[in-house]
Amino acid sequence: MRSSNPRPPEAKPPWRPTPLIRGSVVLHAGAIGLALVRPHLWPWALSAVVADHLLITAAGLTPRSALLGPNWTRLPARPDAMPAVAITIDDGPDAEVTPRVLDLLDEHHAQATFFCIGARIVRHAAIARDIVRRGHEIGNHSYRHLKRFSLLGPRAIADEVMRAQLAIAAAAGETARFFRAPAGFRNPFLEPVLAHAGLELVSWTRRGFDTVNDSPDGVLGRLTRDLAARDILLLHDGNAARTRAGAPIILEVLPRLLVKLKATGLTCVTLSRALPGARAVRAVGSAGAPV
């Protein structure tokens, strides 16, 4: 059992605006100046501001974009480690599905990162503790998983992030290192909040759309097409779609995915284990145990 004392977040550089954000500030100042000095050109100034806002909105609605701030779409390169991927599992804990997912991961000696919703952690604290006890990691997926998360202002975003951080620490005894925005959508206010909290934004390399796709073959195909070392894969234990027989999709897909990963020589690691300086990922022996 791991220590019940929450670990501090890893040191993270202070927030620095990206070139897009810096350029946006300059553009707004220039547009105001142009409208004041040349009032008849105000339509051009307004058009430039509107175009800038559209670009920022598009960046926020593109989950794998790094235009608004650092964003993991693949694991960092680790020359000292075995080829590895990260399985990330969103929207739990779920009282029915998550314990069965944990059992499957145990059977295959695989580790995963669970991006959990803070309010669900409060309701299912024992499951959160079990996730950590079994050697997995919990990431922050906001407190309420609001569909309008990307429309929130800085104070509301900070509240969603920090309430989830507190819920994770209280239930699991760990301070989350990683954050995933609901549906991957965000706005420019998120990255300063994450920097202050010591959190890294994580999206994914590939996803199976297992919240809407009821075909295990289809979900597995999306996850494994062009599969490569350092990929970050996305599944869901909460809000999972159901097969036509009524089974949560993840329970049908995960065992087949883990067999595929082992057959291709890929090890499953948590996101923290992929960080530079973390203990090197080791190969998995024929019985599935680390060697």
# chains A, B, ... in the order shown; residues from 1 in each chain; ligands from 1
call {"tool": "residues_around", "arguments": {"residues": "stretch 106-115 of chain A", "least_positions_apart": "6", "cutoff": "6 Å", "atoms": "only C-alpha atoms", "output": "VMD selection string"}}
result
chain A and resid 87 to 90 136 to 141 268 to 270 288
call {"tool": "write_last_selection", "arguments": {"atoms": "N, CA and C atoms", "output": "PDB file, in the first residue's frame"}}
result
ATOM      1  N   ILE A  87      -2.016   3.484 -21.530  1.00  0.00           N
ATOM      2  CA  ILE A  87      -3.468   3.362 -21.619  1.00  0.00           C
ATOM      3  C   ILE A  87      -4.059   4.336 -20.612  1.00  0.00           C
ATOM      4  N   THR A  88      -4.890   5.248 -21.078  1.00  0.00           N
ATOM      5  CA  THR A  88      -5.557   6.194 -20.191  1.00  0.00           C
ATOM      6  C   THR A  88      -7.055   5.923 -20.240  1.00  0.00           C
ATOM      7  N   ILE A  89      -7.684   6.001 -19.078  1.00  0.00           N
ATOM      8  CA  ILE A  89      -9.083   5.590 -18.941  1.00  0.00           C
ATOM      9  C   ILE A  89      -9.847   6.719 -18.257  1.00  0.00           C
ATOM     10  N   ASP A  90     -10.851   7.248 -18.935  1.00  0.00           N
ATOM     11  CA  ASP A  90     -11.520   8.477 -18.500  1.00  0.00           C
ATOM     12  C   ASP A  90     -12.898   8.241 -17.885  1.00  0.00           C
ATOM     13  N   HIS A 136      -1.654   1.744 -10.206  1.00  0.00           N
ATOM     14  CA  HIS A 136      -2.027   2.627 -11.298  1.00  0.00           C
ATOM     15  C   HIS A 136      -1.945   4.076 -10.834  1.00  0.00           C
ATOM     16  N   GLU A 137      -2.301   4.983 -11.705  1.00  0.00           N
ATOM     17  CA  GLU A 137      -2.195   6.407 -11.403  1.00  0.00           C
ATOM     18  C   GLU A 137      -3.532   7.081 -11.663  1.00  0.00           C
ATOM     19  N   ILE A 138      -3.823   8.107 -10.856  1.00  0.00           N
ATOM     20  CA  ILE A 138      -5.038   8.893 -11.041  1.00  0.00           C
ATOM     21  C   ILE A 138      -4.664  10.268 -11.566  1.00  0.00           C
ATOM     22  N   GLY A 139      -5.319  10.657 -12.663  1.00  0.00           N
ATOM     23  CA  GLY A 139      -5.172  12.002 -13.202  1.00  0.00           C
ATOM     24  C   GLY A 139      -6.444  12.803 -12.955  1.00  0.00           C
ATOM     25  N   ASN A 140      -6.325  14.099 -13.117  1.00  0.00           N
ATOM     26  CA  ASN A 140      -7.412  15.045 -12.860  1.00  0.00           C
ATOM     27  C   ASN A 140      -8.211  15.262 -14.142  1.00  0.00           C
ATOM     28  N   HIS A 141      -9.525  15.015 -14.056  1.00  0.00           N
ATOM     29  CA  HIS A 141     -10.409  15.188 -15.215  1.00  0.00           C
ATOM     30  C   HIS A 141     -11.501  16.206 -14.911  1.00  0.00           C
ATOM     31  N   CYS A 268       2.850  -1.531 -21.003  1.00  0.00           N
ATOM     32  CA  CYS A 268       1.909  -0.495 -20.570  1.00  0.00           C
ATOM     33  C   CYS A 268       2.461   0.200 -19.330  1.00  0.00           C
ATOM     34  N   VAL A 269       2.547   1.516 -19.354  1.00  0.00           N
ATOM     35  CA  VAL A 269       3.068   2.266 -18.221  1.00  0.00           C
ATOM     36  C   VAL A 269       2.101   3.386 -17.849  1.00  0.00           C
ATOM     37  N   THR A 270       2.210   3.846 -16.625  1.00  0.00           N
ATOM     38  CA  THR A 270       1.502   5.057 -16.241  1.00  0.00           C
ATOM     39  C   THR A 270       2.231   6.254 -16.833  1.00  0.00           C
ATOM     40  N   GLY A 288       4.436 -12.684 -17.494  1.00  0.00           N
ATOM     41  CA  GLY A 288       3.782 -11.393 -17.347  1.00  0.00           C
ATOM     42  C   GLY A 288       4.375 -10.546 -16.261  1.00  0.00           C
TER      43      GLY A 288
END
call {"tool": "residues_around", "arguments": {"residues": "A:Pro182", "least_positions_apart": "3", "cutoff": "8 Å", "atoms": "only C-alpha atoms", "output": "VMD selection string"}}
result
chain A and resid 141 to 142 145 to 147 149 185
call {"tool": "write_last_selection", "arguments": {"atoms": "N, CA and C atoms", "output": "PDB file, in the first residue's frame"}}
result
ATOM      1  N   HIS A 141      -9.525  15.015 -14.056  1.00  0.00           N
ATOM      2  CA  HIS A 141     -10.409  15.188 -15.215  1.00  0.00           C
ATOM      3  C   HIS A 141     -11.501  16.206 -14.911  1.00  0.00           C
ATOM      4  N   SER A 142     -11.157  17.167 -14.062  1.00  0.00           N
ATOM      5  CA  SER A 142     -12.052  18.229 -13.570  1.00  0.00           C
ATOM      6  C   SER A 142     -12.990  17.672 -12.498  1.00  0.00           C
ATOM      7  N   HIS A 145     -16.873  17.566 -14.830  1.00  0.00           N
ATOM      8  CA  HIS A 145     -16.884  17.174 -16.241  1.00  0.00           C
ATOM      9  C   HIS A 145     -17.987  17.912 -16.986  1.00  0.00           C
ATOM     10  N   LEU A 146     -17.949  19.224 -16.894  1.00  0.00           N
ATOM     11  CA  LEU A 146     -18.976  20.042 -17.521  1.00  0.00           C
ATOM     12  C   LEU A 146     -18.804  20.061 -19.040  1.00  0.00           C
ATOM     13  N   LYS A 147     -19.922  19.938 -19.755  1.00  0.00           N
ATOM     14  CA  LYS A 147     -19.866  20.035 -21.212  1.00  0.00           C
ATOM     15  C   LYS A 147     -19.448  21.432 -21.651  1.00  0.00           C
ATOM     16  N   PHE A 149     -17.164  23.236 -20.210  1.00  0.00           N
ATOM     17  CA  PHE A 149     -15.887  23.540 -19.562  1.00  0.00           C
ATOM     18  C   PHE A 149     -15.081  24.566 -20.351  1.00  0.00           C
ATOM     19  N   PHE A 185     -11.636  19.657 -24.744  1.00  0.00           N
ATOM     20  CA  PHE A 185     -11.881  21.042 -25.138  1.00  0.00           C
ATOM     21  C   PHE A 185     -11.452  21.990 -24.010  1.00  0.00           C
TER      22      PHE A 185
END
call {"tool": "select_by_dssp", "arguments": {"residues": "stretch 71-151 of chain A", "states": "alpha helix (DSSP H)", "output": "CSV table (one decimal) with N, CA and C atoms, in the first residue's frame"}}
result
chain,number,residue,atom,x,y,z
A,97,VAL,N,-18.0,-0.7,-13.5
A,97,VAL,CA,-17.0,-1.0,-14.5
A,97,VAL,C,-15.6,-1.0,-14.0
A,98,THR,N,-15.3,0.0,-13.2
A,98,THR,CA,-13.9,0.2,-12.8
A,98,THR,C,-13.3,-1.0,-12.1
A,99,PRO,N,-13.9,-1.6,-11.1
A,99,PRO,CA,-13.3,-2.8,-10.5
A,99,PRO,C,-13.0,-3.9,-11.5
A,100,ARG,N,-13.9,-4.1,-12.5
A,100,ARG,CA,-13.6,-5.1,-13.5
A,100,ARG,C,-12.5,-4.7,-14.4
A,101,VAL,N,-12.3,-3.5,-14.7
A,101,VAL,CA,-11.2,-3.0,-15.4
A,101,VAL,C,-9.9,-3.2,-14.7
A,102,LEU,N,-9.9,-3.0,-13.4
A,102,LEU,CA,-8.7,-3.2,-12.5
A,102,LEU,C,-8.4,-4.7,-12.5
A,103,ASP,N,-9.4,-5.5,-12.5
A,103,ASP,CA,-9.1,-7.0,-12.5
A,103,ASP,C,-8.4,-7.4,-13.8
A,104,LEU,N,-8.9,-6.8,-14.9
A,104,LEU,CA,-8.3,-7.2,-16.2
A,104,LEU,C,-6.9,-6.7,-16.3
A,105,LEU,N,-6.6,-5.5,-15.8
A,105,LEU,CA,-5.3,-5.0,-15.8
A,105,LEU,C,-4.4,-5.9,-15.0
A,106,ASP,N,-4.8,-6.3,-13.8
A,106,ASP,CA,-4.1,-7.2,-13.0
A,106,ASP,C,-3.7,-8.5,-13.7
A,107,GLU,N,-4.7,-9.0,-14.4
A,107,GLU,CA,-4.5,-10.3,-15.1
A,107,GLU,C,-3.4,-10.2,-16.1
A,118,GLY,N,-13.7,14.5,-10.3
A,118,GLY,CA,-13.6,14.7,-8.8
A,118,GLY,C,-14.9,14.3,-8.1
A,119,ALA,N,-16.1,14.7,-8.6
A,119,ALA,CA,-17.3,14.3,-7.9
A,119,ALA,C,-17.5,12.8,-7.8
A,120,ARG,N,-17.1,12.1,-8.8
A,120,ARG,CA,-17.2,10.6,-8.7
A,120,ARG,C,-16.2,10.0,-7.7
A,121,ILE,N,-15.0,10.7,-7.6
A,121,ILE,CA,-14.0,10.2,-6.6
A,121,ILE,C,-14.6,10.3,-5.2
A,122,VAL,N,-15.3,11.4,-5.0
A,122,VAL,CA,-15.9,11.6,-3.7
A,122,VAL,C,-16.9,10.5,-3.4
A,123,ARG,N,-17.7,10.1,-4.4
A,123,ARG,CA,-18.7,9.1,-4.2
A,123,ARG,C,-18.1,7.7,-4.1
A,125,ALA,N,-14.7,6.8,-3.2
A,125,ALA,CA,-13.3,6.9,-2.7
A,125,ALA,C,-12.6,5.6,-2.5
A,126,ALA,N,-13.3,4.5,-2.2
A,126,ALA,CA,-12.7,3.2,-2.0
A,126,ALA,C,-12.1,2.7,-3.3
A,127,ILE,N,-12.8,3.0,-4.4
A,127,ILE,CA,-12.3,2.5,-5.7
A,127,ILE,C,-11.1,3.4,-6.1
A,128,ALA,N,-11.1,4.7,-5.8
A,128,ALA,CA,-9.9,5.5,-6.1
A,128,ALA,C,-8.7,5.0,-5.3
A,129,ARG,N,-8.9,4.6,-4.1
A,129,ARG,CA,-7.8,4.0,-3.3
A,129,ARG,C,-7.3,2.7,-3.9
A,130,ASP,N,-8.3,1.9,-4.4
A,130,ASP,CA,-7.9,0.7,-5.0
A,130,ASP,C,-7.1,0.9,-6.3
A,131,ILE,N,-7.4,1.9,-7.0
A,131,ILE,CA,-6.7,2.2,-8.3
A,131,ILE,C,-5.2,2.4,-7.9
A,132,VAL,N,-5.0,3.2,-6.9
A,132,VAL,CA,-3.6,3.5,-6.5
A,132,VAL,C,-2.9,2.3,-5.9
A,133,ARG,N,-3.7,1.6,-5.0
A,133,ARG,CA,-3.1,0.4,-4.4
A,133,ARG,C,-2.6,-0.6,-5.4
call {"tool": "atom_distance", "arguments": {"atom1": "atom CA of A:Gly135", "atom2": "atom CA of A:Ser272"}}
result
11.4 Å
call {"tool": "closest_residue", "arguments": {"among": "A:Leu257, A:Ala229, A:Ala95, A:Ala81", "to": "A:Asp217", "atoms": "only C-alpha atoms"}}
result
A:Leu257
call {"tool": "closest_residue", "arguments": {"among": "A:Pro43, A:Pro17, A:Pro76, A:Gly208", "to": "A:Arg273", "atoms": "only C-alpha atoms"}}
result
A:Pro76
call {"tool": "residues_around", "arguments": {"residues": "A:Leu151", "least_positions_apart": "2", "cutoff": "8 Å", "atoms": "only C-alpha atoms", "output": "PyMOL selection string"}}
result
chain A and resi 148-149+153+186-187
call {"tool": "write_last_selection", "arguments": {"atoms": "C-alpha atoms", "output": "PDB file, in the first residue's frame"}}
result
ATOM      1  CA  ARG A 148     -19.349  23.813 -21.129  1.00  0.00           C
ATOM      2  CA  PHE A 149     -15.887  23.540 -19.562  1.00  0.00           C
ATOM      3  CA  GLY A 153     -13.699  31.863 -17.109  1.00  0.00           C
ATOM      4  CA  ARG A 186     -10.358  24.057 -23.375  1.00  0.00           C
ATOM      5  CA  ASN A 187      -9.621  27.769 -23.659  1.00  0.00           C
TER       6      ASN A 187
END
call {"tool": "closest_residue", "arguments": {"among": "A:Glu252, A:Gly184, A:Gly218, A:Leu261", "to": "A:Arg64", "atoms": "only C-alpha atoms"}}
result
A:Gly184
call {"tool": "residues_around", "arguments": {"residues": "stretch 45-62 of chain A", "least_positions_apart": "5", "cutoff": "10 Å", "atoms": "only C-alpha atoms", "output": "PyMOL selection string"}}
result
chain A and resi 20-21+23-25+27-35+38-40+67-68+150-151+183-188+190+203
call {"tool": "atom_distance", "arguments": {"atom1": "atom CA of A:Leu235", "atom2": "atom CA of A:Thr211"}}
result
8.4 Å
call {"tool": "select_by_dssp", "arguments": {"residues": "stretch 173-207 of chain A", "states": "strand (DSSP E or B)", "output": "list of chain:residue names"}}
result
A:Phe178, A:Phe179, A:Glu200, A:Leu201, A:Val202, A:Arg206, A:Arg207
call {"tool": "write_last_selection", "arguments": {"atoms": "N, CA and C atoms", "output": "PDB file, in the first residue's frame"}}
result
ATOM      1  N   PHE A 178      -1.249  15.067 -13.691  1.00  0.00           N
ATOM      2  CA  PHE A 178      -1.703  15.249 -15.065  1.00  0.00           C
ATOM      3  C   PHE A 178      -3.178  15.639 -15.096  1.00  0.00           C
ATOM      4  N   PHE A 179      -3.539  16.413 -16.137  1.00  0.00           N
ATOM      5  CA  PHE A 179      -4.914  16.874 -16.307  1.00  0.00           C
ATOM      6  C   PHE A 179      -5.351  16.594 -17.737  1.00  0.00           C
ATOM      7  N   GLU A 200       0.311  18.814 -15.775  1.00  0.00           N
ATOM      8  CA  GLU A 200       0.613  18.740 -17.205  1.00  0.00           C
ATOM      9  C   GLU A 200      -0.662  18.359 -17.956  1.00  0.00           C
ATOM     10  N   LEU A 201      -0.927  19.052 -19.055  1.00  0.00           N
ATOM     11  CA  LEU A 201      -2.075  18.721 -19.895  1.00  0.00           C
ATOM     12  C   LEU A 201      -1.746  17.515 -20.761  1.00  0.00           C
ATOM     13  N   VAL A 202      -2.671  16.550 -20.806  1.00  0.00           N
ATOM     14  CA  VAL A 202      -2.487  15.335 -21.594  1.00  0.00           C
ATOM     15  C   VAL A 202      -3.710  15.137 -22.485  1.00  0.00           C
ATOM     16  N   ARG A 206      -4.327   8.330 -29.982  1.00  0.00           N
ATOM     17  CA  ARG A 206      -5.470   7.751 -30.700  1.00  0.00           C
ATOM     18  C   ARG A 206      -6.553   7.363 -29.701  1.00  0.00           C
ATOM     19  N   ARG A 207      -7.783   7.399 -30.166  1.00  0.00           N
ATOM     20  CA  ARG A 207      -8.933   7.068 -29.325  1.00  0.00           C
ATOM     21  C   ARG A 207      -9.868   6.147 -30.092  1.00  0.00           C
TER      22      ARG A 207
END
